[in-house]
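Visitor: Contents of query18.cif (mmCIF, C-alpha atoms):
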```
data_final
#
loop_
_atom_site.group_PDB
_atom_site.id
_atom_site.type_symbol
_atom_site.label_atom_id
_atom_site.label_comp_id
_atom_site.auth_asym_id
_atom_site.auth_seq_id
_atom_site.Cartn_x
_atom_site.Cartn_y
_atom_site.Cartn_z
ATOM 1 C CA MET L 4 33.505 -7.835 -14.704
ATOM 2 C CA LYS L 5 32.351 -4.735 -12.858
ATOM 3 C CA SER L 6 29.403 -5.263 -10.502
ATOM 4 C CA ILE L 7 26.346 -3.020 -10.814
ATOM 5 C CA THR L 8 24.782 -1.535 -7.715
ATOM 6 C CA ARG L 9 21.169 -0.348 -7.413
ATOM 7 C CA ARG L 10 22.458 3.229 -7.333
ATOM 8 C CA THR L 11 24.491 2.758 -10.553
ATOM 9 C CA PHE L 12 21.597 1.006 -12.282
ATOM 10 C CA GLY L 13 19.080 3.686 -11.232
ATOM 11 C CA GLY L 14 21.385 6.519 -12.288
ATOM 12 C CA GLY L 15 21.977 4.898 -15.661
ATOM 13 C CA MET L 16 18.251 4.298 -16.152
ATOM 14 C CA PHE L 17 17.395 7.939 -15.416
ATOM 15 C CA ALA L 18 20.140 9.118 -17.792
ATOM 16 C CA ALA L 19 18.868 6.812 -20.555
ATOM 17 C CA LEU L 20 15.259 7.920 -20.055
ATOM 18 C CA ALA L 21 16.271 11.591 -20.050
ATOM 19 C CA ALA L 22 18.163 11.073 -23.325
ATOM 20 C CA THR L 23 14.975 9.776 -24.979
ATOM 21 C CA GLY L 24 13.040 12.872 -23.899
ATOM 22 C CA PHE L 25 10.939 10.863 -21.428
ATOM 23 C CA ARG L 26 9.328 12.877 -18.668
ATOM 24 C CA PRO L 27 7.248 11.188 -15.958
ATOM 25 C CA THR L 28 3.622 12.290 -15.755
ATOM 26 C CA SER L 29 3.507 12.273 -11.980
ATOM 27 C CA LEU L 30 6.232 13.438 -9.630
ATOM 28 C CA GLN L 31 4.406 13.915 -6.338
ATOM 29 C CA ALA L 32 2.577 11.803 -3.814
ATOM 30 C CA GLU L 33 -1.154 11.312 -4.309
ATOM 31 C CA THR L 34 -3.234 13.017 -1.633
ATOM 32 C CA SER L 35 -6.735 13.111 -3.129
ATOM 33 C CA PRO L 36 -9.448 11.133 -1.324
ATOM 34 C CA ASP L 37 -10.675 9.983 -4.759
ATOM 35 C CA LEU L 38 -9.066 7.756 -7.378
ATOM 36 C CA ILE L 39 -10.927 8.642 -10.547
ATOM 37 C CA VAL L 40 -10.281 6.405 -13.545
ATOM 38 C CA ARG L 41 -10.896 8.171 -16.835
ATOM 39 C CA VAL L 42 -9.787 8.489 -20.425
ATOM 40 C CA GLY L 43 -6.985 10.945 -21.100
ATOM 41 C CA VAL L 44 -4.183 11.608 -23.575
ATOM 42 C CA LEU L 45 -0.413 11.355 -23.292
ATOM 43 C CA GLN L 46 2.400 12.040 -25.766
ATOM 44 C CA LEU L 47 3.966 8.549 -25.797
ATOM 45 C CA ALA L 48 5.435 8.624 -29.310
ATOM 46 C CA PRO L 49 7.742 11.343 -30.662
ATOM 47 C CA ALA L 50 6.235 14.803 -31.193
ATOM 48 C CA ASN L 51 5.468 14.238 -34.886
ATOM 49 C CA TYR L 52 2.891 11.579 -33.875
ATOM 50 C CA PRO L 53 -0.521 12.282 -32.345
ATOM 51 C CA GLU L 54 -1.111 11.971 -28.606
ATOM 52 C CA THR L 55 -2.110 8.489 -27.405
ATOM 53 C CA GLN L 56 -5.449 7.908 -25.711
ATOM 54 C CA VAL L 57 -4.766 6.297 -22.324
ATOM 55 C CA TRP L 58 -6.663 5.403 -19.152
ATOM 56 C CA GLY L 59 -5.305 6.937 -15.967
ATOM 57 C CA TYR L 60 -5.900 7.461 -12.260
ATOM 58 C CA ASN L 61 -6.722 11.147 -11.644
ATOM 59 C CA GLY L 62 -5.329 11.979 -15.072
ATOM 60 C CA ALA L 63 -1.884 10.481 -14.427
ATOM 61 C CA VAL L 64 -0.119 7.510 -16.028
ATOM 62 C CA PRO L 65 1.181 5.867 -13.957
ATOM 63 C CA GLY L 66 -1.160 6.830 -11.163
ATOM 64 C CA LEU L 67 0.301 9.127 -8.531
ATOM 65 C CA THR L 68 2.199 7.437 -5.735
ATOM 66 C CA ILE L 69 0.199 6.891 -2.550
ATOM 67 C CA ARG L 70 2.397 7.122 0.573
ATOM 68 C CA LEU L 71 1.197 6.148 4.027
ATOM 69 C CA PRO L 72 2.886 5.289 7.315
ATOM 70 C CA GLN L 73 2.615 1.687 8.492
ATOM 71 C CA GLY L 74 -0.554 1.110 10.514
ATOM 72 C CA GLU L 75 -2.358 4.084 8.938
ATOM 73 C CA ARG L 76 -5.865 3.858 7.511
ATOM 74 C CA MET L 77 -6.038 4.152 3.707
ATOM 75 C CA THR L 78 -9.348 5.563 2.489
ATOM 76 C CA ARG L 79 -9.890 6.262 -1.210
ATOM 77 C CA ARG L 80 -13.115 6.487 -3.165
ATOM 78 C CA PHE L 81 -12.760 4.727 -6.523
ATOM 79 C CA VAL L 82 -14.785 6.613 -9.150
ATOM 80 C CA ASN L 83 -15.272 4.850 -12.483
ATOM 81 C CA GLU L 84 -15.505 7.195 -15.474
ATOM 82 C CA LEU L 85 -14.401 4.520 -17.956
ATOM 83 C CA PRO L 86 -16.632 2.849 -20.553
ATOM 84 C CA GLN L 87 -16.359 -0.535 -18.758
ATOM 85 C CA PRO L 88 -16.621 -1.836 -15.169
ATOM 86 C CA GLY L 89 -13.544 -1.813 -12.949
ATOM 87 C CA THR L 90 -12.018 -2.334 -9.497
ATOM 88 C CA ILE L 91 -8.732 -1.618 -7.751
ATOM 89 C CA HIS L 92 -6.598 -4.484 -6.472
ATOM 90 C CA TRP L 93 -4.037 -3.503 -3.812
ATOM 91 C CA HIS L 94 -1.270 -5.890 -4.828
ATOM 92 C CA GLY L 95 0.546 -7.597 -1.955
ATOM 93 C CA ILE L 96 -1.205 -5.772 0.907
ATOM 94 C CA ARG L 97 -2.675 -7.972 3.674
ATOM 95 C CA ILE L 98 -6.220 -6.575 3.873
ATOM 96 C CA ASP L 99 -9.774 -7.853 4.288
ATOM 97 C CA ASN L 100 -11.102 -9.670 1.237
ATOM 98 C CA ALA L 101 -13.916 -7.125 0.897
ATOM 99 C CA MET L 102 -11.280 -4.476 0.025
ATOM 100 C CA ASP L 103 -9.082 -6.624 -2.242
ATOM 101 C CA GLY L 104 -10.732 -5.651 -5.546
ATOM 102 C CA VAL L 105 -11.077 -9.077 -7.188
ATOM 103 C CA PRO L 106 -14.411 -9.025 -9.055
ATOM 104 C CA GLY L 107 -16.645 -12.029 -8.642
ATOM 105 C CA LEU L 108 -14.598 -13.224 -5.681
ATOM 106 C CA THR L 109 -14.095 -10.435 -3.133
ATOM 107 C CA GLN L 110 -16.225 -7.574 -4.502
ATOM 108 C CA ASP L 111 -18.619 -6.646 -7.289
ATOM 109 C CA VAL L 112 -17.302 -4.624 -10.207
ATOM 110 C CA VAL L 113 -17.866 -0.878 -10.111
ATOM 111 C CA GLN L 114 -20.008 0.030 -13.098
ATOM 112 C CA PRO L 115 -19.303 3.119 -15.243
ATOM 113 C CA GLY L 116 -20.586 6.174 -13.389
ATOM 114 C CA ASP L 117 -20.523 4.425 -9.983
ATOM 115 C CA SER L 118 -18.030 4.482 -7.109
ATOM 116 C CA PHE L 119 -16.729 2.274 -4.300
ATOM 117 C CA LEU L 120 -15.037 3.248 -1.028
ATOM 118 C CA TYR L 121 -11.820 1.375 -0.281
ATOM 119 C CA ASP L 122 -11.101 1.657 3.440
ATOM 120 C CA PHE L 123 -8.446 -0.431 5.203
ATOM 121 C CA VAL L 124 -5.376 -0.252 7.432
ATOM 122 C CA VAL L 125 -1.973 -0.862 5.826
ATOM 123 C CA PRO L 126 -0.310 -3.347 8.204
ATOM 124 C CA ASP L 127 3.089 -3.903 6.592
ATOM 125 C CA ALA L 128 5.811 -1.512 5.461
ATOM 126 C CA GLY L 129 6.983 -2.002 1.898
ATOM 127 C CA THR L 130 6.619 -1.055 -1.749
ATOM 128 C CA TYR L 131 3.383 -2.229 -3.358
ATOM 129 C CA TRP L 132 1.277 -1.295 -6.324
ATOM 130 C CA TYR L 133 -2.374 -0.904 -7.260
ATOM 131 C CA HIS L 134 -4.047 -1.879 -10.509
ATOM 132 C CA PRO L 135 -7.386 -3.066 -11.912
ATOM 133 C CA HIS L 136 -8.558 -6.641 -11.598
ATOM 134 C CA ASN L 137 -11.385 -6.505 -14.124
ATOM 135 C CA ARG L 138 -10.187 -6.929 -17.705
ATOM 136 C CA SER L 139 -6.663 -6.420 -16.349
ATOM 137 C CA TYR L 140 -5.124 -7.385 -19.693
ATOM 138 C CA GLU L 141 -6.796 -4.345 -21.269
ATOM 139 C CA GLN L 142 -7.061 -1.849 -18.437
ATOM 140 C CA MET L 143 -3.412 -2.187 -17.397
ATOM 141 C CA ALA L 144 -2.321 -2.082 -21.054
ATOM 142 C CA ARG L 145 -4.153 1.250 -21.375
ATOM 143 C CA GLY L 146 -2.235 2.708 -18.419
ATOM 144 C CA LEU L 147 -3.942 1.823 -15.124
ATOM 145 C CA SER L 148 -1.397 1.171 -12.380
ATOM 146 C CA GLY L 149 0.230 3.093 -9.550
ATOM 147 C CA ALA L 150 2.577 2.694 -6.602
ATOM 148 C CA LEU L 151 1.596 2.359 -2.953
ATOM 149 C CA ILE L 152 4.443 2.986 -0.506
ATOM 150 C CA VAL L 153 3.932 2.041 3.144
ATOM 151 C CA GLU L 154 6.698 3.653 5.178
ATOM 152 C CA GLU L 155 8.061 2.166 8.397
ATOM 153 C CA ALA L 156 6.152 3.355 11.454
ATOM 154 C CA GLU L 157 9.422 4.083 13.236
ATOM 155 C CA GLY L 158 12.687 5.005 11.602
ATOM 156 C CA GLY L 159 13.472 3.036 8.512
ATOM 157 C CA PRO L 160 16.629 3.028 6.426
ATOM 158 C CA ALA L 161 18.434 6.324 5.880
ATOM 159 C CA VAL L 162 18.545 7.068 2.154
ATOM 160 C CA ASP L 163 19.729 10.025 0.074
ATOM 161 C CA ASN L 164 16.785 9.916 -2.285
ATOM 162 C CA ASP L 165 13.744 7.674 -2.666
ATOM 163 C CA GLU L 166 12.671 7.197 -6.294
ATOM 164 C CA VAL L 167 9.668 5.164 -7.426
ATOM 165 C CA ILE L 168 9.925 3.724 -10.919
ATOM 166 C CA LEU L 169 7.068 1.872 -12.612
ATOM 167 C CA LEU L 170 8.116 0.373 -15.929
ATOM 168 C CA ASP L 171 5.722 -0.792 -18.610
ATOM 169 C CA ASP L 172 5.654 -1.160 -22.345
ATOM 170 C CA TRP L 173 3.082 0.143 -24.815
ATOM 171 C CA ARG L 174 1.853 -1.754 -27.852
ATOM 172 C CA LEU L 175 1.013 1.053 -30.282
ATOM 173 C CA THR L 176 -0.449 1.215 -33.770
ATOM 174 C CA GLU L 177 1.173 3.223 -36.575
ATOM 175 C CA ASP L 178 -0.893 6.279 -35.540
ATOM 176 C CA ALA L 179 0.402 6.017 -31.934
ATOM 177 C CA GLN L 180 -2.798 4.576 -30.424
ATOM 178 C CA ILE L 181 -2.898 1.567 -28.111
ATOM 179 C CA ALA L 182 -3.273 -1.562 -30.218
ATOM 180 C CA GLY L 183 -6.386 -3.685 -29.710
ATOM 181 C CA GLY L 184 -6.599 -7.446 -29.582
ATOM 182 C CA PHE L 185 -7.187 -7.507 -25.833
ATOM 183 C CA GLY L 186 -8.061 -10.946 -24.541
ATOM 184 C CA CYS L 187 -6.647 -12.687 -27.612
ATOM 185 C CA LEU L 188 -4.058 -15.162 -26.329
ATOM 186 C CA THR L 189 -2.375 -15.539 -29.724
ATOM 187 C CA SER L 190 -1.961 -11.782 -30.084
ATOM 188 C CA ALA L 191 -0.583 -11.461 -26.555
ATOM 189 C CA LEU L 192 1.965 -14.237 -27.102
ATOM 190 C CA MET L 193 3.028 -13.351 -30.648
ATOM 191 C CA GLY L 194 3.143 -9.548 -30.479
ATOM 192 C CA PRO L 195 2.038 -6.919 -32.972
ATOM 193 C CA ASN L 196 4.269 -8.095 -35.842
ATOM 194 C CA SER L 197 3.194 -11.731 -35.853
ATOM 195 C CA GLY L 198 1.307 -11.513 -39.144
ATOM 196 C CA ILE L 199 -1.822 -12.928 -37.502
#
```
Using the file provided, produce a representation of the structure as structure tokens.

Guide:
Amino acid sequence: MKSITRRTFGGGMFAALAATGFRPTSLQAETSPDLIVRVGVLQLAPANYPETQVWGYNGAVPGLTIRLPQGERMTRRFVNELPQPGTIHWHGIRIDNAMDGVPGLTQDVVQPGDSFLYDFVVPDAGTYWYHPHNRSYEQMARGLSGALIVEEAEGGPAVDNDEVILLDDWRLTEDAQIAGGFGCLTSALMGPNSGI
């Protein structure tokens, strides 16, 4: 049996995605001081279907990649333009609880029309991600997530190309809209064709 390397797997994945007509919505690093969550549209289904209403960071799904050097200060103003409260959780980063984005535990939710300033130092190099922690089962299913890359302060591995891939699935209705049923455990476990 032939072994598969990360390079072979990644190359095959890109080829398969290209064959389906998939094009990523964000190809550059995020540099805006604001992370604005808002409703947008994206052509998820084939062209003969309508565009799908999604929720994105600064109009991108997934959110644009944030890249910072290790030890750098990360400052982003979270602006909530969604119809429900939200936060941002910086998954895996060792930061003060006040910046961790867990509503009811480390911070209050940010109401629609309000904002919150996230301001912390990124202590550890690595690949992380950011996502909501209020109604995560719905907000992430509608498109809210992004990558946070903390690069080594000195050196780091020499690579030919550094690609960030965030994979997710979409549960769509027949008219290519995101299926409801958020918060329903039976629906989440059984899937859209369960007959329930």

Visitor: Using only C-alpha atoms, which residues sit within 10 Å of Asp99 in chain L once same-chain residues fewer than 4 positions away are excluded, as a PyMOL selection string?

Guide: chain L and resi 103+109+122-124

Visitor: Go through L:Thr176, L:Asn164, L:Thr78, L:Gln142 and flag the residue nearest Tyr52 in chain L, using all atoms listed in the file for the distances.

Guide: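 Selected residue with least distance to Tyr52 in chain L: L:Thr176.
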
Visitor: Point out the residue among L:Asn137, L:Gln87, L:Thr130, L:Thr55 with the least atom-to-atom distance to Gln110 in chain L, counting all atoms listed in the file.

Guide: L:Asn137

Visitor: Which of these residues is nearest to Gln56 in chain L, using all atoms listed in the file: L:Gly89, L:Gly116, L:Pro126, L:Gly146?

Guide: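 Under the stated criterion, the closest residue is L:Gly146.
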
Visitor: Using all atoms listed in the file, find the one residue out of L:Gln73, L:Thr90, L:Asn83, L:Ser148 that sits nearest to Val42 in chain L.

Guide: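 Going through L:Gln73, L:Thr90, L:Asn83, L:Ser148 one by one, the smallest distance to Val42 in chain L is for L:Asn83.
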
Visitor: Report as a list of chain:residue names the residues that result from applying the PyMOL selection byres ((chain L and resi 85) around 12) to the structure here.

Guide: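 This file, filtered by the PyMOL selection byres ((chain L and resi 85) around 12), leaves L:Ile39, L:Val40, L:Arg41, L:Val42, L:Gly43, L:Val57, L:Trp58, L:Gly59, L:Tyr60, L:Asn61, L:Phe81, L:Val82, L:Asn83, L:Glu84, L:Pro86, L:Gln87, L:Pro88, L:Gly89, L:Thr90, L:Val113, L:Gln114, L:Pro115, L:Gly116, L:Asp117, L:Ser118, L:Pro135, L:Gln142, L:Arg145, L:Leu147.
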
Visitor: I need the residue nearest Asp127 in chain L from this list: L:Ile168, L:Ala144, L:Leu71, L:Cys187. Use only C-alpha atoms for the distance.

Guide: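 Smallest distance to Asp127 in chain L is found for L:Leu71.
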
Visitor: With distances taken over all atoms listed in the file, which residue among L:Leu170, L:Val112, L:Val153, L:Met143 lies nearest Gly129 in chain L?

Guide: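 Looking at the shortest contact to Gly129 in chain L, the residue is L:Val153.
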
Visitor: Could you please determine the separation between CA of Ala63 in chain L and CA of His134 in chain L in Å, to one decimal place?

Guide: 13.1 Å

Visitor: Suppose you want the space between CA of Ile69 in chain L and CA of Val162 in chain L; what is it in Å?

Guide: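 Straight-line distance from CA of Ile69 in chain L to CA of Val162 in chain L works out to 18.9 Å.
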
Visitor: Padding 3 Å on every side, please: axis-aligned box over the listed atoms of range 40-47 of chain L, centre and edge lengths to one decimal in Å, as lines of an AutoDock Vina configuration file.

Guide:
```
center_x = -3.5
center_y = 9.2
center_z = -19.7
size_x = 20.9
size_y = 11.6
size_z = 18.3
```

Visitor: Have a look at CA of Val125 in chain L and CA of Glu141 in chain L and let me know their distance in Å, one decimal.

Guide: 27.7 Å
